[in-house]
Each structure stands twice: as structure tokens, then as C-alpha cells.
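Structure below is target_35.cif: mmCIF, C-alpha atoms.
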```
data_target
loop_
_atom_site.label_atom_id
_atom_site.label_comp_id
_atom_site.auth_asym_id
_atom_site.auth_seq_id
_atom_site.Cartn_x
_atom_site.Cartn_y
_atom_site.Cartn_z
CA MET A 1 1.05 22.63 5.34
CA GLY A 2 2.72 19.27 5.74
CA THR A 3 3.15 16.63 3.06
CA LEU A 4 2.40 12.94 3.60
CA TYR A 5 3.88 10.43 1.15
CA LEU A 6 2.07 7.08 1.25
CA VAL A 7 4.15 4.38 -0.46
CA ARG A 8 2.99 0.90 -1.31
CA HIS A 9 5.57 -1.82 -0.68
CA GLY A 10 7.75 -3.18 -3.47
CA GLN A 11 6.83 -6.27 -5.45
CA ALA A 12 6.23 -9.14 -3.05
CA SER A 13 6.06 -12.86 -3.76
CA PHE A 14 2.56 -13.39 -5.16
CA GLY A 15 1.81 -17.09 -5.70
CA ALA A 16 4.67 -18.24 -3.45
CA ASP A 17 4.27 -19.99 -0.10
CA ASP A 18 5.32 -16.76 1.63
CA TYR A 19 3.89 -13.65 -0.01
CA ASP A 20 5.28 -11.38 2.72
CA GLN A 21 8.76 -11.15 1.25
CA LEU A 22 10.06 -8.71 -1.35
CA SER A 23 11.18 -10.18 -4.63
CA GLU A 24 14.54 -9.18 -6.03
CA LEU A 25 12.71 -6.69 -8.28
CA GLY A 26 10.79 -5.38 -5.27
CA GLN A 27 14.07 -4.63 -3.54
CA ARG A 28 15.37 -2.77 -6.59
CA GLN A 29 12.13 -0.78 -6.86
CA SER A 30 12.50 0.31 -3.23
CA VAL A 31 16.12 1.42 -3.58
CA ARG A 32 15.26 3.28 -6.78
CA LEU A 33 12.50 5.20 -5.01
CA GLY A 34 14.94 6.20 -2.30
CA GLU A 35 17.38 7.41 -4.94
CA TYR A 36 14.59 9.49 -6.46
CA PHE A 37 13.73 11.10 -3.12
CA ALA A 38 17.41 11.92 -2.56
CA TYR A 39 17.76 13.38 -6.07
CA GLN A 40 14.73 15.58 -5.48
CA GLY A 41 16.11 16.75 -2.13
CA ILE A 42 13.10 15.34 -0.26
CA GLN A 43 13.84 14.63 3.39
CA PHE A 44 11.45 13.16 5.94
CA ASP A 45 10.87 14.37 9.47
CA GLY A 46 8.70 11.35 10.23
CA LEU A 47 8.98 7.70 9.12
CA ILE A 48 6.09 5.30 9.73
CA ALA A 49 5.57 1.75 8.43
CA GLY A 50 3.28 -1.18 8.89
CA THR A 51 4.77 -4.14 10.74
CA LEU A 52 4.69 -6.66 7.89
CA ARG A 53 8.05 -7.85 6.57
CA ARG A 54 7.47 -6.38 3.10
CA HIS A 55 6.80 -2.98 4.67
CA LYS A 56 10.02 -3.01 6.67
CA GLN A 57 12.05 -4.31 3.71
CA THR A 58 10.66 -1.59 1.46
CA LEU A 59 11.47 1.13 3.97
CA ALA A 60 14.99 -0.28 4.36
CA GLY A 61 15.46 -0.14 0.58
CA ILE A 62 14.22 3.44 0.42
CA LEU A 63 16.62 4.49 3.17
CA GLN A 64 19.44 2.65 1.39
CA GLY A 65 18.69 4.60 -1.78
CA MET A 66 18.68 7.83 0.21
CA ASP A 67 21.97 6.85 1.90
CA ARG A 68 20.29 7.37 5.24
CA VAL A 69 19.94 5.45 8.50
CA ALA A 70 16.92 6.30 10.64
CA GLU A 71 14.45 4.85 13.10
CA HIS A 72 10.78 4.56 12.21
CA LEU A 73 7.48 4.25 14.04
CA ALA A 74 5.87 0.81 13.60
CA TRP A 75 2.09 1.05 13.17
CA ASP A 76 0.13 -2.19 12.94
CA GLY A 77 -2.98 -0.26 11.87
CA LEU A 78 -1.21 0.10 8.51
CA ASN A 79 -1.02 -3.64 7.92
CA GLU A 80 -2.84 -5.15 4.95
CA TYR A 81 -6.01 -7.17 5.28
CA ASP A 82 -5.62 -10.96 4.91
CA SER A 83 -6.59 -11.52 1.27
CA GLU A 84 -6.71 -15.31 1.68
CA ALA A 85 -9.15 -14.97 4.58
CA VAL A 86 -11.27 -12.52 2.57
CA ILE A 87 -11.49 -14.93 -0.35
CA ALA A 88 -12.13 -17.95 1.90
CA ALA A 89 -15.08 -16.13 3.47
CA ILE A 90 -16.97 -16.39 0.15
CA HIS A 91 -15.12 -19.37 -1.44
CA PRO A 92 -14.35 -21.98 1.23
CA GLN A 93 -12.75 -24.42 -1.21
CA PRO A 94 -8.94 -24.01 -1.41
CA LEU A 95 -7.68 -22.21 -4.49
CA GLU A 96 -4.80 -23.53 -6.56
CA LYS A 97 -1.79 -21.28 -6.90
CA PRO A 98 -2.41 -19.09 -9.96
CA THR A 99 -0.31 -20.14 -12.93
CA SER A 100 -2.19 -18.59 -15.85
CA PRO A 101 -3.85 -15.26 -16.69
CA GLN A 102 -7.26 -16.89 -16.27
CA MET A 103 -6.40 -18.09 -12.76
CA TYR A 104 -5.09 -14.66 -11.79
CA ARG A 105 -8.29 -13.02 -13.03
CA HIS A 106 -10.37 -15.54 -11.08
CA HIS A 107 -8.36 -14.80 -7.93
CA PHE A 108 -8.93 -11.05 -8.18
CA ARG A 109 -12.63 -11.45 -9.03
CA LEU A 110 -13.06 -13.40 -5.81
CA LEU A 111 -11.01 -10.84 -3.90
CA ARG A 112 -13.15 -7.99 -5.22
CA ASP A 113 -16.36 -9.77 -4.23
CA GLY A 114 -14.98 -10.77 -0.83
CA LEU A 115 -13.87 -7.22 -0.07
CA ALA A 116 -17.29 -5.83 -0.99
CA GLN A 117 -19.03 -8.26 1.36
CA TRP A 118 -16.55 -7.66 4.19
CA MET A 119 -16.92 -3.89 3.86
CA ALA A 120 -20.72 -4.26 3.90
CA GLY A 121 -20.59 -6.41 7.03
CA VAL A 122 -22.02 -9.46 5.23
CA VAL A 123 -19.06 -11.75 5.95
CA SER A 124 -16.50 -11.96 8.75
CA PRO A 125 -13.19 -13.29 7.38
CA ARG A 126 -11.52 -15.63 9.83
CA GLY A 127 -9.01 -13.94 12.14
CA MET A 128 -9.87 -10.44 10.91
CA PRO A 129 -11.70 -7.56 12.59
CA ALA A 130 -14.83 -5.99 11.19
CA TYR A 131 -14.05 -3.62 8.35
CA ARG A 132 -15.01 -0.54 10.38
CA ASP A 133 -12.45 -1.54 13.02
CA TRP A 134 -9.75 -2.34 10.47
CA SER A 135 -10.27 0.96 8.64
CA ALA A 136 -10.12 2.79 11.98
CA GLY A 137 -6.50 1.64 12.24
CA VAL A 138 -5.74 3.43 8.96
CA ALA A 139 -7.60 6.55 10.07
CA SER A 140 -5.65 6.56 13.33
CA ALA A 141 -2.38 6.78 11.39
CA LEU A 142 -3.70 9.81 9.49
CA ASP A 143 -4.77 11.37 12.79
CA HIS A 144 -1.29 10.78 14.22
CA VAL A 145 0.37 12.48 11.26
CA ARG A 146 -1.86 15.55 11.51
CA ALA A 147 -1.38 15.83 15.27
CA ASN A 148 2.39 15.34 15.33
CA HIS A 149 3.93 16.40 12.02
CA TYR A 150 2.22 19.58 10.83
CA GLY A 151 4.51 21.54 8.51
CA HIS A 152 6.81 18.59 7.84
CA ASN A 153 7.31 15.77 5.33
CA VAL A 154 6.21 12.31 6.47
CA LEU A 155 6.84 8.97 4.75
CA VAL A 156 4.44 6.08 5.37
CA VAL A 157 5.17 2.63 3.93
CA THR A 158 2.17 0.33 3.82
CA SER A 159 0.03 -1.71 1.40
CA GLY A 160 -2.60 -1.12 -1.25
CA GLY A 161 -5.57 -1.72 1.06
CA PRO A 162 -4.61 0.93 3.63
CA ILE A 163 -3.66 3.42 0.90
CA SER A 164 -6.98 3.06 -0.92
CA THR A 165 -8.79 3.22 2.42
CA ALA A 166 -6.94 6.43 3.30
CA VAL A 167 -7.88 7.95 -0.06
CA GLY A 168 -11.48 6.81 0.38
CA HIS A 169 -11.54 8.25 3.89
CA VAL A 170 -10.31 11.65 2.70
CA LEU A 171 -12.50 11.81 -0.42
CA GLY A 172 -15.57 10.07 0.98
CA THR A 173 -15.70 7.45 -1.78
CA ARG A 174 -18.17 4.58 -1.94
CA PRO A 175 -16.88 1.09 -1.03
CA GLU A 176 -16.95 0.01 -4.67
CA THR A 177 -14.68 2.89 -5.62
CA THR A 178 -12.30 2.18 -2.74
CA ILE A 179 -11.97 -1.43 -3.92
CA GLU A 180 -11.21 -0.37 -7.49
CA LEU A 181 -8.56 2.05 -6.24
CA ASN A 182 -7.07 -0.76 -4.17
CA LEU A 183 -6.73 -3.12 -7.12
CA ARG A 184 -4.99 -0.48 -9.29
CA ILE A 185 -2.21 0.52 -6.91
CA ARG A 186 1.26 -0.29 -8.22
CA ASN A 187 4.30 -1.44 -6.28
CA THR A 188 6.34 1.43 -4.73
CA SER A 189 3.82 3.94 -6.07
CA VAL A 190 3.54 7.24 -4.24
CA THR A 191 0.25 8.77 -3.12
CA GLU A 192 0.65 12.29 -1.78
CA PHE A 193 -1.48 14.25 0.68
CA ALA A 194 -1.11 17.82 1.87
CA PHE A 195 -2.29 18.17 5.45
CA THR A 196 -3.13 20.66 8.15
CA PRO A 197 -3.90 19.89 11.79
CA LYS A 198 -7.57 19.51 10.76
CA ARG A 199 -7.58 17.58 7.49
CA HIS A 200 -5.78 15.81 4.65
CA MET A 201 -6.11 16.81 0.99
CA LEU A 202 -5.25 14.48 -1.89
CA VAL A 203 -2.51 15.83 -4.18
CA SER A 204 -1.57 12.79 -6.29
CA PHE A 205 -2.41 9.09 -6.46
CA ASN A 206 -0.50 5.96 -7.48
CA CYS A 207 2.43 7.77 -9.10
CA LEU A 208 5.75 6.22 -10.18
CA PRO A 209 8.06 9.19 -10.83
CA HIS A 210 11.11 7.06 -9.99
CA LEU A 211 10.29 4.62 -12.80
CA ASP A 212 9.52 7.25 -15.44
CA ALA A 213 12.13 6.16 -17.97
CA PRO A 214 11.89 3.81 -20.97
CA ASP A 215 14.45 1.38 -19.57
CA LEU A 216 12.49 1.05 -16.30
CA ARG A 217 9.07 0.22 -17.74
CA GLY A 218 9.67 -3.46 -17.01
CA TRP A 219 9.98 -2.57 -13.30
CA ILE A 220 6.28 -1.59 -13.05
CA THR A 221 4.30 -4.28 -11.19
CA TYR A 222 0.99 -4.61 -9.38
CA ALA A 223 1.22 -7.57 -6.97
#
```

Can you give me the file's structure in the form of C-alpha cells?
Amino acid sequence: MGTLYLVRHGQASFGADDYDQLSELGQRQSVRLGEYFAYQGIQFDGLIAGTLRRHKQTLAGILQGMDRVAEHLAWDGLNEYDSEAVIAAIHPQPLEKPTSPQMYRHHFRLLRDGLAQWMAGVVSPRGMPAYRDWSAGVASALDHVRANHYGHNVLVVTSGGPISTAVGHVLGTRPETTIELNLRIRNTSVTEFAFTPKRHMLVSFNCLPHLDAPDLRGWITYA
């Protein structure tokens, strides 16, 4: 079998004007994950990443931690949905930047509701494809891995939405479950699939083995 490691990007800049940029902690998380892979002797025969800046920065940090230089395959089907467009589809009024726990909870309640309606085909967020078309981009990446990397290790760097969609695709989860998985995925977490040319099988979900130390607990983030 092959092994596919799906990694969510490091901490980005939630609440800032430009979310698509790793924070200083996000960069450290990424390098630390690379150091963990190197320590475990894990090497990758295939490297794939979404085309967002946070994806590329996370992959660069992982490779830095592994002391490796390598080319990767850019795959725009692994890019995250536009959360602002999803929220605006059900809440047209502009939201203030969240500055309190209550505002953060309100933001994610709206996101959860917007995702459910987008997945059901009730709303069409501006500038975004239908959910079935967006999720097909994620499925196409899984198909590519099975067709081209059987028997090897593959690293994919992407976002929480594509990772939860991949898990839902493999396990056949309901949309509500896929959304809950999405909102629980931590920065630089590792979700692992075994795969054959015919199918993927979930091995682990949302793991942080590289941060499993008391002095690194403060490095665990969600946004």
C-alpha cells in the first residue's frame, strides 16, 4: 500500500486584512512538523500542495525542517473555499473583525450554517462553484495519488475544508459530519490514509505528533 499524509497549513492570520499568510507561530509549526518527519525517517516520493500562499509557505517550512529541497505539484483543487463568501451568502451585512470570544463564536456559527446551505445547494456563494464541483477538485487529487503513487509516501498540504471533504468522501459521511470535522482540524495536523490503486482507507485524523510535548502545548491552534 501507499501512505498519504494530508497536512493542514500552519496558523494563518485570522482577523487580519490578509488571512492567507502564515503567522510567525504558523511558520514554526511547519518547520517543527518537518523536523518530526525527518526524525521518524519519513521521506516523500510525491509532494502536492494547494496554490494558496499559506499552503506554499507551510510546505516550504516542512521542507526546511526536513533539510530538503524539492519541487511539488500545485493543485488548485486543494484550495480552501472562500469562507467570507460562504458567510455573506446567508448574512449579507458586513461582519466586524472578531475581537472577543463571543464574536468568534458568532463567526463560526454563521460559517457552519453557510456551509450547510452551500453543500445542500440552497445558496451560491459569490465567486464560488457549486459544492459538488468544488468537492470534485478534492476527489481528483485523491484519484491522482492512487493512480500515480501506489506503494509510496505522498505529502499533501492543503486546508481544513479539503481535508474534511476527503475524509467525508472516503467514509461516506453526511454533510453535517463533514462540517464538524472541518471545524475541528488543527493547524499542521496530520491526517493519514493508506491507499491502493482502487481506494483510500483512513488511518488517523487530525493528529499533532510533532507537538506532543508539554512545552509545545501553546503551539496548538485552530485558525

Residue neighbourhood Arg126 (chain A), 10 Å, all atoms listed in the file, exclusion window fewer than 5 positions, as a ChimeraX atom specification: /A:82,84-86,88-89

What would the selection look like, as a list in words, if the PyMOL selection byres ((chain A and resi 21) around 12) were run on the coordinates I just shared?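 Listing what the PyMOL selection byres ((chain A and resi 21) around 12) selects in the shown file: His9, Gly10, Gln11, Ala12, Ser13, Phe14, Gly15, Ala16, Asp17, Asp18, Tyr19, Asp20, Leu22, Ser23, Glu24, Leu25, Gly26, Gln27, Leu52, Arg53, Arg54, His55, Lys56, Gln57, Thr58 and Ala223 of chain A.
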
Quick one: everything within 12 Å of Tyr39 (chain A), counting only C-alpha atoms, minus sequence neighbours fewer than 5 positions away in the same chain. Send it as JSON, numbers by chain. {"A": [32, 33, 34, 65, 66, 67, 209, 210]}

Would you mind listing, for every residue of region 66-104 of chain A within 12 Å of region 180-201 of chain A, the two atoms forming the shortest contact and the distance between them in Å to one decimal, using only C-alpha atoms, sorted by chain and ascending residue number, as CSV?
```
residue,atom,partner,partner_atom,distance
A:Glu80,CA,A:Asn182,CA,11.0
A:Tyr81,CA,A:Asn182,CA,11.5
A:Ser83,CA,A:Leu183,CA,11.9
```

Take CA of Val31 (chain A) and CA of Thr3 (chain A) and report the distance between them in Å, one decimal. 21.1 Å

One decimal, Å: what's the distance from CA of Ser135 (chain A) over to CA of Thr165 (chain A), could you say? 6.8 Å

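Here CA of Ala139 (chain A) and CA of Ala166 (chain A) stand 6.8 Å from one another.
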
Minimum-distance residue to Glu176 (chain A), chosen among A:Leu202, A:Ala120, A:Ile220, A:Val156 (using all atoms listed in the file):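 Of the candidates, the smallest distance to Glu176 (chain A) is held by A:Ala120.
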
Got a sec: who's within 9 Å of Asp113 (chain A), counting only C-alpha atoms, leaving out chain neighbours fewer than 3 positions off, as a short mmCIF file (atom, residue, chain, number, x, y, z; two decimals) with C-alpha atoms, in the coordinates of the input?
```cif
data_model
loop_
_atom_site.label_atom_id
_atom_site.label_comp_id
_atom_site.auth_asym_id
_atom_site.auth_seq_id
_atom_site.Cartn_x
_atom_site.Cartn_y
_atom_site.Cartn_z
CA VAL A 86 -11.27 -12.52 2.57
CA ILE A 87 -11.49 -14.93 -0.35
CA ILE A 90 -16.97 -16.39 0.15
CA PHE A 108 -8.93 -11.05 -8.18
CA ARG A 109 -12.63 -11.45 -9.03
CA LEU A 110 -13.06 -13.40 -5.81
CA ALA A 116 -17.29 -5.83 -0.99
CA GLN A 117 -19.03 -8.26 1.36
CA TRP A 118 -16.55 -7.66 4.19
#
```

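For the choices A:Gln43, A:Ser204, A:Gln29, A:Thr177, the atom-to-atom distance to Ser164 (chain A) is smallest for A:Thr177 when using only C-alpha atoms.
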
Using all atoms listed in the file, the residue out of A:Ile62, A:Val69, A:Leu208, A:Leu78 with shortest distance to Ala136 (chain A) is A:Leu78

Measuring atom to atom with only C-alpha atoms, identify which of A:Tyr131, A:Tyr36, A:Met1, A:Gly77 is nearest to Ile163 (chain A).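 Of A:Tyr131, A:Tyr36, A:Met1, A:Gly77, the one nearest Ile163 (chain A), counting only C-alpha atoms, is A:Gly77.
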
I need the output of the PyMOL selection byres ((chain A and resi 48) around 9) for this file as a PDB file with C-alpha atoms, keeping the file's coordinate frame; which residues are they?
```pdb
ATOM      1  CA  GLY A  46       8.700  11.350  10.230  1.00  0.00           C
ATOM      2  CA  LEU A  47       8.980   7.700   9.120  1.00  0.00           C
ATOM      3  CA  ALA A  49       5.570   1.750   8.430  1.00  0.00           C
ATOM      4  CA  GLY A  50       3.280  -1.180   8.890  1.00  0.00           C
ATOM      5  CA  LEU A  59      11.470   1.130   3.970  1.00  0.00           C
ATOM      6  CA  HIS A  72      10.780   4.560  12.210  1.00  0.00           C
ATOM      7  CA  LEU A  73       7.480   4.250  14.040  1.00  0.00           C
ATOM      8  CA  ALA A  74       5.870   0.810  13.600  1.00  0.00           C
ATOM      9  CA  TRP A  75       2.090   1.050  13.170  1.00  0.00           C
ATOM     10  CA  ALA A 141      -2.380   6.780  11.390  1.00  0.00           C
ATOM     11  CA  VAL A 154       6.210  12.310   6.470  1.00  0.00           C
ATOM     12  CA  LEU A 155       6.840   8.970   4.750  1.00  0.00           C
ATOM     13  CA  VAL A 156       4.440   6.080   5.370  1.00  0.00           C
ATOM     14  CA  VAL A 157       5.170   2.630   3.930  1.00  0.00           C
ATOM     15  CA  THR A 158       2.170   0.330   3.820  1.00  0.00           C
TER      16      THR A 158
END
```

In terms of the shortest atom-to-atom distance over only C-alpha atoms, which of A:Asn79, A:Gln64, A:Gln40, A:Ser124 is closest to Gly137 (chain A)? A:Asn79

I'd like to know which of A:Gly61, A:Gly114, A:Pro92, A:Pro162 is closest to Ser140 (chain A), using all atoms listed in the file.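 The answer is A:Pro162, which sits nearest to Ser140 (chain A).
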
So that I can look at just that part, could you write region 2-13 of chain A with all heavy atoms, as an mmCIF file, in the first residue's frame?
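Contents of decode_36.cif, freshly written:
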```
data_model
loop_
_atom_site.group_PDB
_atom_site.id
_atom_site.type_symbol
_atom_site.label_atom_id
_atom_site.label_comp_id
_atom_site.auth_asym_id
_atom_site.auth_seq_id
_atom_site.Cartn_x
_atom_site.Cartn_y
_atom_site.Cartn_z
ATOM 1 N N GLY A 2 0.264 2.367 -0.368
ATOM 2 C CA GLY A 2 0.905 3.655 -0.207
ATOM 3 C C GLY A 2 0.352 4.356 1.016
ATOM 4 O O GLY A 2 -0.656 3.927 1.598
ATOM 5 N N THR A 3 1.005 5.436 1.417
ATOM 6 C CA THR A 3 0.534 6.235 2.546
ATOM 7 C C THR A 3 0.447 7.690 2.118
ATOM 8 O O THR A 3 1.410 8.257 1.602
ATOM 9 C CB THR A 3 1.482 6.113 3.755
ATOM 10 O OG1 THR A 3 1.597 4.741 4.130
ATOM 11 C CG2 THR A 3 0.932 6.903 4.937
ATOM 12 N N LEU A 4 -0.720 8.274 2.321
ATOM 13 C CA LEU A 4 -0.964 9.680 2.010
ATOM 14 C C LEU A 4 -1.069 10.454 3.315
ATOM 15 O O LEU A 4 -1.872 10.109 4.191
ATOM 16 C CB LEU A 4 -2.256 9.826 1.214
ATOM 17 C CG LEU A 4 -2.797 11.243 1.002
ATOM 18 C CD1 LEU A 4 -1.801 12.101 0.236
ATOM 19 C CD2 LEU A 4 -4.143 11.211 0.299
ATOM 20 N N TYR A 5 -0.234 11.492 3.448
ATOM 21 C CA TYR A 5 -0.264 12.371 4.611
ATOM 22 C C TYR A 5 -0.887 13.695 4.183
ATOM 23 O O TYR A 5 -0.295 14.453 3.405
ATOM 24 C CB TYR A 5 1.148 12.613 5.139
ATOM 25 C CG TYR A 5 1.860 11.375 5.634
ATOM 26 C CD1 TYR A 5 2.540 10.546 4.752
ATOM 27 C CD2 TYR A 5 1.856 11.046 6.992
ATOM 28 C CE1 TYR A 5 3.198 9.410 5.192
ATOM 29 C CE2 TYR A 5 2.521 9.910 7.440
ATOM 30 C CZ TYR A 5 3.186 9.096 6.540
ATOM 31 O OH TYR A 5 3.837 7.971 6.992
ATOM 32 N N LEU A 6 -2.086 13.977 4.677
ATOM 33 C CA LEU A 6 -2.765 15.245 4.422
ATOM 34 C C LEU A 6 -2.469 16.185 5.586
ATOM 35 O O LEU A 6 -2.801 15.880 6.738
ATOM 36 C CB LEU A 6 -4.272 15.037 4.306
ATOM 37 C CG LEU A 6 -4.814 14.444 3.007
ATOM 38 C CD1 LEU A 6 -6.239 13.969 3.211
ATOM 39 C CD2 LEU A 6 -4.764 15.472 1.893
ATOM 40 N N VAL A 7 -1.859 17.323 5.298
ATOM 41 C CA VAL A 7 -1.465 18.273 6.337
ATOM 42 C C VAL A 7 -2.217 19.586 6.143
ATOM 43 O O VAL A 7 -2.225 20.145 5.035
ATOM 44 C CB VAL A 7 0.057 18.522 6.301
ATOM 45 C CG1 VAL A 7 0.452 19.664 7.238
ATOM 46 C CG2 VAL A 7 0.806 17.250 6.683
ATOM 47 N N ARG A 8 -2.842 20.055 7.195
ATOM 48 C CA ARG A 8 -3.430 21.386 7.147
ATOM 49 C C ARG A 8 -2.319 22.420 7.325
ATOM 50 O O ARG A 8 -1.354 22.189 8.057
ATOM 51 C CB ARG A 8 -4.470 21.581 8.244
ATOM 52 C CG ARG A 8 -5.216 22.903 8.079
ATOM 53 C CD ARG A 8 -6.088 23.249 9.266
ATOM 54 N NE ARG A 8 -6.708 24.568 9.066
ATOM 55 C CZ ARG A 8 -7.198 25.321 10.032
ATOM 56 N NH1 ARG A 8 -7.148 24.897 11.289
ATOM 57 N NH2 ARG A 8 -7.721 26.494 9.756
ATOM 58 N N HIS A 9 -2.477 23.556 6.684
ATOM 59 C CA HIS A 9 -1.477 24.623 6.773
ATOM 60 C C HIS A 9 -1.258 25.082 8.218
ATOM 61 O O HIS A 9 -2.092 24.853 9.097
ATOM 62 C CB HIS A 9 -1.901 25.820 5.921
ATOM 63 C CG HIS A 9 -3.218 26.419 6.332
ATOM 64 N ND1 HIS A 9 -3.352 27.273 7.407
ATOM 65 C CD2 HIS A 9 -4.454 26.275 5.823
ATOM 66 C CE1 HIS A 9 -4.605 27.639 7.544
ATOM 67 N NE2 HIS A 9 -5.310 27.045 6.590
ATOM 68 N N GLY A 10 -0.147 25.746 8.455
ATOM 69 C CA GLY A 10 0.131 26.331 9.759
ATOM 70 C C GLY A 10 -0.810 27.491 10.059
ATOM 71 O O GLY A 10 -1.586 27.931 9.201
ATOM 72 N N GLN A 11 -0.731 27.972 11.287
ATOM 73 C CA GLN A 11 -1.599 29.078 11.704
ATOM 74 C C GLN A 11 -1.466 30.239 10.722
ATOM 75 O O GLN A 11 -0.370 30.709 10.423
ATOM 76 C CB GLN A 11 -1.225 29.569 13.104
ATOM 77 C CG GLN A 11 -2.167 30.656 13.621
ATOM 78 C CD GLN A 11 -1.657 31.288 14.899
ATOM 79 O OE1 GLN A 11 -0.547 31.799 14.950
ATOM 80 N NE2 GLN A 11 -2.463 31.241 15.946
ATOM 81 N N ALA A 12 -2.611 30.688 10.223
ATOM 82 C CA ALA A 12 -2.632 31.823 9.306
ATOM 83 C C ALA A 12 -2.954 33.089 10.099
ATOM 84 O O ALA A 12 -2.712 33.151 11.306
ATOM 85 C CB ALA A 12 -3.626 31.572 8.177
ATOM 86 N N SER A 13 -3.499 34.084 9.430
ATOM 87 C CA SER A 13 -3.678 35.396 10.068
ATOM 88 C C SER A 13 -5.160 35.721 10.202
ATOM 89 O O SER A 13 -5.669 36.659 9.574
ATOM 90 C CB SER A 13 -2.944 36.469 9.259
ATOM 91 O OG SER A 13 -1.570 36.168 9.174
#
```
